[in-house]
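With compact mmCIF, C-alpha atoms and all ligand atoms inside, this is upload.txt:
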```
# COMPACT_ATOMS: atom_id res chain seq x y z
CA MET A 11 -10.35 -9.45 14.61
CA LYS A 12 -10.79 -8.10 11.08
CA LYS A 13 -13.30 -9.81 8.84
CA LEU A 14 -12.66 -10.70 5.22
CA ALA A 15 -15.03 -11.75 2.47
CA VAL A 16 -13.40 -13.69 -0.36
CA PHE A 17 -15.14 -13.92 -3.73
CA ALA A 18 -14.26 -16.79 -6.11
CA SER A 19 -15.74 -18.35 -9.24
CA GLY A 20 -13.80 -21.60 -9.56
CA ASN A 21 -10.71 -23.29 -8.22
CA GLY A 22 -10.22 -21.17 -5.10
CA SER A 23 -6.51 -21.68 -4.42
CA ASN A 24 -6.18 -18.02 -3.43
CA TYR A 25 -9.16 -18.39 -1.09
CA GLU A 26 -7.44 -21.40 0.48
CA ALA A 27 -4.14 -19.54 0.88
CA ILE A 28 -5.96 -16.69 2.65
CA ALA A 29 -8.04 -19.05 4.83
CA ALA A 30 -4.91 -21.03 5.79
CA ALA A 31 -3.06 -17.80 6.66
CA CYS A 32 -5.98 -16.80 8.92
CA ALA A 33 -6.16 -20.24 10.52
CA GLY A 34 -2.39 -20.31 11.10
CA GLY A 35 -2.28 -16.82 12.63
CA VAL A 36 -0.21 -15.39 9.76
CA LEU A 37 -3.11 -13.02 9.12
CA ASP A 38 -4.87 -11.55 12.13
CA ALA A 39 -8.20 -11.92 10.38
CA GLU A 40 -11.00 -14.34 9.66
CA VAL A 41 -12.62 -15.27 6.34
CA ALA A 42 -16.19 -14.61 7.45
CA VAL A 43 -17.71 -15.66 4.13
CA LEU A 44 -16.82 -17.10 0.74
CA VAL A 45 -19.03 -15.72 -2.02
CA CYS A 46 -19.30 -17.86 -5.17
CA ASP A 47 -21.19 -17.19 -8.37
CA HIS A 48 -21.04 -20.89 -9.34
CA THR A 49 -22.78 -23.37 -7.07
CA ASP A 50 -20.39 -26.16 -8.14
CA ALA A 51 -17.13 -24.19 -7.76
CA TYR A 52 -14.27 -26.22 -6.29
CA ALA A 53 -13.64 -23.29 -3.93
CA ILE A 54 -16.80 -24.40 -2.04
CA GLN A 55 -15.22 -27.77 -1.24
CA ARG A 56 -12.11 -25.98 0.01
CA ALA A 57 -14.31 -23.78 2.24
CA ALA A 58 -15.77 -26.88 3.92
CA LYS A 59 -12.27 -27.82 5.16
CA PHE A 60 -11.93 -24.47 6.93
CA GLY A 61 -15.55 -24.18 8.08
CA THR A 62 -15.95 -20.93 6.14
CA PRO A 63 -19.62 -20.03 5.59
CA VAL A 64 -20.44 -19.97 1.87
CA PHE A 65 -22.90 -17.88 -0.08
CA ALA A 66 -23.18 -19.56 -3.48
CA PHE A 67 -25.61 -18.12 -5.98
CA CYS A 68 -26.59 -18.39 -9.60
CA PRO A 69 -26.74 -14.96 -11.28
CA LYS A 70 -29.42 -16.24 -13.66
CA ASP A 71 -31.80 -16.65 -10.72
CA TYR A 72 -31.88 -12.88 -10.30
CA ALA A 73 -33.55 -10.23 -12.46
CA SER A 74 -30.38 -8.12 -12.50
CA LYS A 75 -26.84 -7.67 -11.17
CA ALA A 76 -28.23 -4.94 -8.88
CA GLU A 77 -30.57 -7.47 -7.32
CA TYR A 78 -27.98 -10.11 -6.43
CA GLU A 79 -25.46 -7.49 -5.37
CA ALA A 80 -28.04 -6.01 -2.98
CA GLU A 81 -28.34 -9.44 -1.38
CA ILE A 82 -24.55 -9.73 -1.16
CA VAL A 83 -24.31 -6.26 0.44
CA SER A 84 -26.86 -7.24 3.14
CA LEU A 85 -24.86 -10.38 3.81
CA LEU A 86 -21.53 -8.52 4.05
CA ASP A 87 -23.13 -5.88 6.29
CA SER A 88 -24.56 -8.54 8.58
CA LYS A 89 -21.09 -10.02 9.00
CA GLY A 90 -19.31 -6.69 9.50
CA ILE A 91 -16.88 -7.22 6.62
CA ASP A 92 -13.78 -4.98 6.65
CA LEU A 93 -12.27 -6.00 3.31
CA VAL A 94 -13.54 -7.80 0.21
CA CYS A 95 -10.88 -9.85 -1.62
CA LEU A 96 -11.73 -10.91 -5.16
CA ALA A 97 -9.82 -14.11 -5.87
CA GLY A 98 -10.64 -15.43 -9.31
CA TYR A 99 -14.14 -13.89 -9.21
CA MET A 100 -14.84 -13.55 -12.90
CA ARG A 101 -17.47 -10.83 -12.79
CA ILE A 102 -17.31 -7.07 -13.02
CA ILE A 103 -18.42 -5.52 -9.74
CA GLY A 104 -21.52 -3.36 -10.20
CA ASP A 105 -22.61 -0.03 -8.73
CA VAL A 106 -24.51 -1.48 -5.79
CA LEU A 107 -21.54 -3.35 -4.35
CA LEU A 108 -19.00 -0.68 -5.33
CA LYS A 109 -20.95 2.09 -3.61
CA ALA A 110 -21.59 0.08 -0.46
CA TYR A 111 -17.98 -1.14 -0.15
CA SER A 112 -16.16 1.79 -1.72
CA GLY A 113 -12.42 1.62 -0.98
CA LYS A 114 -12.81 -1.83 0.52
CA ILE A 115 -12.60 -4.14 -2.52
CA ILE A 116 -9.34 -5.50 -3.91
CA ASN A 117 -8.58 -7.93 -6.75
CA ILE A 118 -5.69 -10.13 -7.81
CA HIS A 119 -4.83 -10.54 -11.48
CA PRO A 120 -2.19 -12.67 -13.26
CA SER A 121 -0.51 -9.95 -15.33
CA LEU A 122 1.35 -6.71 -14.90
CA LEU A 123 -1.67 -4.45 -15.27
CA PRO A 124 -2.68 -2.46 -17.20
CA ALA A 125 -1.43 -5.06 -19.72
CA PHE A 126 -3.58 -8.11 -20.43
CA ARG A 127 -6.84 -7.56 -18.61
CA GLY A 128 -9.59 -10.17 -18.58
CA ALA A 129 -10.02 -13.88 -18.14
CA HIS A 130 -7.18 -15.11 -20.38
CA ALA A 131 -4.34 -12.82 -19.39
CA VAL A 132 -1.63 -15.47 -19.20
CA GLU A 133 -2.56 -17.11 -22.50
CA GLN A 134 -2.59 -13.71 -24.23
CA ALA A 135 0.77 -12.76 -22.74
CA VAL A 136 2.36 -16.05 -23.86
CA GLU A 137 0.88 -15.57 -27.33
CA TYR A 138 2.38 -12.07 -27.38
CA GLY A 139 5.85 -13.40 -26.56
CA VAL A 140 6.09 -11.64 -23.22
CA LYS A 141 9.37 -12.17 -21.31
CA VAL A 142 8.49 -10.45 -18.03
CA TYR A 143 5.27 -11.68 -16.45
CA GLY A 144 3.74 -10.70 -13.18
CA ILE A 145 0.95 -10.47 -10.66
CA THR A 146 -1.00 -7.36 -9.75
CA ILE A 147 -3.20 -6.54 -6.77
CA HIS A 148 -5.37 -3.46 -7.19
CA TRP A 149 -8.32 -1.56 -5.79
CA VAL A 150 -11.45 -2.41 -7.72
CA ASP A 151 -13.40 0.06 -9.83
CA GLN A 152 -16.25 -0.42 -12.30
CA THR A 153 -13.96 -1.56 -15.14
CA LEU A 154 -12.52 -4.97 -16.01
CA ASP A 155 -9.39 -5.49 -13.88
CA GLY A 156 -9.21 -1.71 -13.45
CA GLY A 157 -8.40 0.46 -10.43
CA LYS A 158 -5.33 1.85 -8.68
CA ILE A 159 -2.48 -0.62 -8.28
CA ILE A 160 -1.51 -1.61 -4.73
CA ALA A 161 1.19 -4.24 -5.34
CA GLN A 162 2.95 -5.97 -8.22
CA GLU A 163 5.56 -8.70 -8.51
CA ALA A 164 7.29 -9.60 -11.77
CA PHE A 165 9.09 -12.72 -12.92
CA HIS A 166 11.05 -13.67 -16.01
CA TYR A 167 9.91 -16.53 -18.21
CA ASP A 168 11.18 -17.23 -21.70
CA GLY A 169 9.05 -20.15 -22.83
CA ASN A 170 5.67 -20.77 -24.39
CA ASP A 171 3.76 -22.90 -21.89
CA PRO A 172 0.84 -21.02 -20.29
CA GLU A 173 0.44 -23.80 -17.69
CA GLU A 174 3.96 -23.20 -16.45
CA VAL A 175 3.36 -19.46 -16.24
CA HIS A 176 0.18 -20.15 -14.23
CA ARG A 177 2.12 -22.45 -11.88
CA ILE A 178 4.90 -19.92 -11.26
CA GLY A 179 2.37 -17.09 -10.98
CA GLN A 180 0.15 -18.83 -8.45
CA VAL A 181 3.00 -19.39 -6.00
CA ILE A 182 3.63 -15.63 -6.15
CA GLU A 183 -0.10 -14.84 -5.93
CA HIS A 184 -0.62 -16.75 -2.69
CA LYS A 185 2.31 -15.01 -0.98
CA LEU A 186 1.66 -11.52 -2.39
CA TYR A 187 -2.08 -11.59 -1.61
CA ILE A 188 -1.46 -12.40 2.05
CA GLU A 189 1.29 -9.78 2.42
CA THR A 190 -0.92 -7.16 0.78
CA ILE A 191 -4.02 -7.99 2.84
CA ASN A 192 -1.89 -7.85 5.96
CA LYS A 193 -0.57 -4.41 5.02
CA ILE A 194 -4.03 -3.04 4.28
CA LEU A 195 -5.49 -4.38 7.52
CA CYS A 196 -2.59 -3.00 9.57
CA GLU A 197 -3.15 0.45 8.10
CA ARG A 198 -6.83 0.48 9.15
C1 LIG B 201 -5.89 -16.33 -10.29
O1 LIG B 201 -4.77 -16.60 -11.08
C2 LIG B 201 -6.27 -14.87 -10.39
O2 LIG B 201 -5.17 -14.02 -10.55
C3 LIG B 201 -7.15 -14.88 -11.61
O3 LIG B 201 -7.91 -16.04 -11.48
C4 LIG B 201 -7.11 -17.04 -10.85
C5 LIG B 201 -7.93 -17.71 -9.77
O4 LIG B 201 -7.22 -18.76 -9.21
N1 LIG B 201 -7.96 -13.71 -11.69
C6 LIG B 201 -8.26 -13.09 -12.83
O5 LIG B 201 -7.91 -13.51 -13.91
C7 LIG B 201 -9.08 -11.83 -12.66
N2 LIG B 201 -9.26 -11.20 -13.91
P1 LIG B 201 -7.75 -19.52 -7.93
O6 LIG B 201 -9.24 -19.78 -8.17
O7 LIG B 201 -6.96 -20.77 -7.86
O8 LIG B 201 -7.56 -18.62 -6.75
```

Once you've parsed the file, please lay out its structure as structure tokens.
Ligand code: GAR
Amino acid sequence: MKKLAVFASGNGSNYEAIAAACAGGVLDAEVAVLVCDHTDAYAIQRAAKFGTPVFAFCPKDYASKAEYEAEIVSLLDSKGIDLVCLAGYMRIIGDVLLKAYSGKIINIHPSLLPAFRGAHAVEQAVEYGVKVYGITIHWVDQTLDGGKIIAQEAFHYDGNDPEEVHRIGQVIEHKLYIETINKILCER
């Protein structure tokens, strides 16, 4: 069975969708670890429900990004991780992790990339008056929400409520992330 690592910083609804798909046999995979850069992230509570092992750390406890990423790489290696899924992990991946897991890290983002990168994509898109929103899943490189696109799904919305866009977008995210992970794992 393929092994996934999911990285999250907060809520963790994408983690939960992936974990539930694994538990229900929709994905022939296991979430072998949830990595969190906030020790109080709600995602950690969700992980308890599924019995997913958690590595929660505080970046400030390390001298550098290279140092905590080296620890993460050892952990992923020890678990034999096949694919790393960033799911609301609000940190740029550094050289140490990128080199060790080259071609094995994907991210989900709530915009039609390359438009609206960063942490407030939906709010910026609403502010801009966007009419066609979307979700992107892409390979991860060293830039913010950068890397070759794997999958996108668009939807129309002609209002000005970012919360509503988030709600619509998250339903799509949960479905699209599972379909995309499934496709990648089947090709390996
Ligand atoms: C998701 O909407 C994801 O697309 C976004 O964070 C949210 C996490 O939700 N990621 C980014 O903005 C990456 N730049 P979740 O914690 O409920 O899965």

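For the set A:Val41, A:Ala73, A:Val83, A:Ile102, the residue with the smallest atom-to-atom gap to ligand LIG 201 (chain B) is A:Ile102, counting all atoms listed in the file.
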
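Nearest to A:Ala164 of all the residues A:Gly104, A:Gly128, A:Gly22, A:Pro120 is A:Pro120, based on all atoms listed in the file.
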
#### Entry: Test item: residues no farther than 9 Å from ligand LIG 201 (chain B), counting all atoms listed in the file, as an MDAnalysis selection string
chainID A and resid 18:27 52:53 96:101 117:121 127:132 145:147 154:155 176 179:180 183:184

### Message
Between A:Ile116, A:Ile178, A:Ala57, A:Val43, which residue has the minimum interatomic distance to A:Asp87, considering only C-alpha atoms?
### Response
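Counting only C-alpha atoms, the residue closest to A:Asp87 is A:Val43.
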
### Query
Out of A:Phe67, A:Phe126, A:Tyr72, A:Phe60, which residue has the shortest atom-to-atom distance to A:Val140 when counting all atoms listed in the file?
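The shortest atom-to-atom distance to A:Val140 comes from A:Phe126.
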
### Distance of atom CA of A:Lys114 from atom CA of A:Val94, expressed in Å to one decimal place
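Straight-line distance from atom CA of A:Val94 to atom CA of A:Lys114 works out to 6.0 Å.
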
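Using all atoms listed in the file, the residues found no farther than 12 Å from A:Glu81, other than those of its own chain fewer than 3 positions away, are Val45, Phe65, Ala66, Phe67, Pro69, Tyr72, Ser74, Lys75, Ala76, Glu77, Tyr78, Ser84, Leu85, Leu86, Asp87, Ser88, Val106, Leu107 and Ala110 of chain A.
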
### Query
Suppose you want the space between atom CA of A:Phe17 and atom CA of A:Cys95; what is it in Å?
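Between these atoms lies a distance of 6.3 Å.
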
### Task
Rank nothing, just name the residue among A:Asp38, A:Asp50, A:Glu133, A:Asp151 nearest to A:Pro172, using only C-alpha atoms.
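Looking only at the distances to A:Pro172, the closest residue turns out to be A:Glu133.
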
### Query
Which of these, A:Val136, A:Ile191, A:Ile91, A:Cys32, has the shortest distance to A:Asp171 once you count all atoms listed in the file?
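Using all atoms listed in the file, the shortest distance to A:Asp171 belongs to A:Val136.
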
Some atoms are absent from stretch 21-36 of chain A, so rebuild N, CA and C atoms and return them as a PDB file, in the frame of the given file.
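See part.pdb below for the written result:
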```
ATOM      1  N   ASN A  21     -11.669 -22.463  -8.954  1.00  0.00           N
ATOM      2  CA  ASN A  21     -10.710 -23.290  -8.220  1.00  0.00           C
ATOM      3  C   ASN A  21     -10.540 -22.906  -6.745  1.00  0.00           C
ATOM      4  N   GLY A  22     -10.288 -21.640  -6.485  1.00  0.00           N
ATOM      5  CA  GLY A  22     -10.220 -21.170  -5.100  1.00  0.00           C
ATOM      6  C   GLY A  22      -8.900 -21.372  -4.385  1.00  0.00           C
ATOM      7  N   SER A  23      -7.788 -21.502  -5.136  1.00  0.00           N
ATOM      8  CA  SER A  23      -6.510 -21.680  -4.420  1.00  0.00           C
ATOM      9  C   SER A  23      -6.116 -20.414  -3.659  1.00  0.00           C
ATOM     10  N   ASN A  24      -6.475 -19.253  -4.179  1.00  0.00           N
ATOM     11  CA  ASN A  24      -6.180 -18.020  -3.430  1.00  0.00           C
ATOM     12  C   ASN A  24      -7.047 -17.938  -2.177  1.00  0.00           C
ATOM     13  N   TYR A  25      -8.313 -18.332  -2.300  1.00  0.00           N
ATOM     14  CA  TYR A  25      -9.160 -18.390  -1.090  1.00  0.00           C
ATOM     15  C   TYR A  25      -8.478 -19.276  -0.052  1.00  0.00           C
ATOM     16  N   GLU A  26      -8.024 -20.461  -0.487  1.00  0.00           N
ATOM     17  CA  GLU A  26      -7.440 -21.400   0.480  1.00  0.00           C
ATOM     18  C   GLU A  26      -6.183 -20.826   1.120  1.00  0.00           C
ATOM     19  N   ALA A  27      -5.358 -20.146   0.318  1.00  0.00           N
ATOM     20  CA  ALA A  27      -4.140 -19.540   0.880  1.00  0.00           C
ATOM     21  C   ALA A  27      -4.503 -18.507   1.952  1.00  0.00           C
ATOM     22  N   ILE A  28      -5.544 -17.730   1.685  1.00  0.00           N
ATOM     23  CA  ILE A  28      -5.960 -16.690   2.650  1.00  0.00           C
ATOM     24  C   ILE A  28      -6.547 -17.362   3.898  1.00  0.00           C
ATOM     25  N   ALA A  29      -7.404 -18.365   3.686  1.00  0.00           N
ATOM     26  CA  ALA A  29      -8.040 -19.050   4.830  1.00  0.00           C
ATOM     27  C   ALA A  29      -6.975 -19.734   5.688  1.00  0.00           C
ATOM     28  N   ALA A  30      -5.970 -20.337   5.040  1.00  0.00           N
ATOM     29  CA  ALA A  30      -4.910 -21.030   5.790  1.00  0.00           C
ATOM     30  C   ALA A  30      -4.071 -20.010   6.563  1.00  0.00           C
ATOM     31  N   ALA A  31      -3.832 -18.842   5.966  1.00  0.00           N
ATOM     32  CA  ALA A  31      -3.060 -17.800   6.660  1.00  0.00           C
ATOM     33  C   ALA A  31      -3.825 -17.295   7.885  1.00  0.00           C
ATOM     34  N   CYS A  32      -5.143 -17.209   7.769  1.00  0.00           N
ATOM     35  CA  CYS A  32      -5.980 -16.800   8.920  1.00  0.00           C
ATOM     36  C   CYS A  32      -5.938 -17.885   9.990  1.00  0.00           C
ATOM     37  N   ALA A  33      -6.120 -19.120   9.557  1.00  0.00           N
ATOM     38  CA  ALA A  33      -6.160 -20.240  10.520  1.00  0.00           C
ATOM     39  C   ALA A  33      -4.817 -20.388  11.234  1.00  0.00           C
ATOM     40  N   GLY A  34      -3.725 -20.120  10.524  1.00  0.00           N
ATOM     41  CA  GLY A  34      -2.390 -20.310  11.100  1.00  0.00           C
ATOM     42  C   GLY A  34      -1.874 -19.081  11.832  1.00  0.00           C
ATOM     43  N   GLY A  35      -2.681 -18.023  11.895  1.00  0.00           N
ATOM     44  CA  GLY A  35      -2.280 -16.820  12.630  1.00  0.00           C
ATOM     45  C   GLY A  35      -1.318 -15.916  11.856  1.00  0.00           C
ATOM     46  N   VAL A  36      -1.072 -16.249  10.590  1.00  0.00           N
ATOM     47  CA  VAL A  36      -0.210 -15.390   9.760  1.00  0.00           C
ATOM     48  C   VAL A  36      -0.950 -14.083   9.461  1.00  0.00           C
TER      49      VAL A  36
END
```
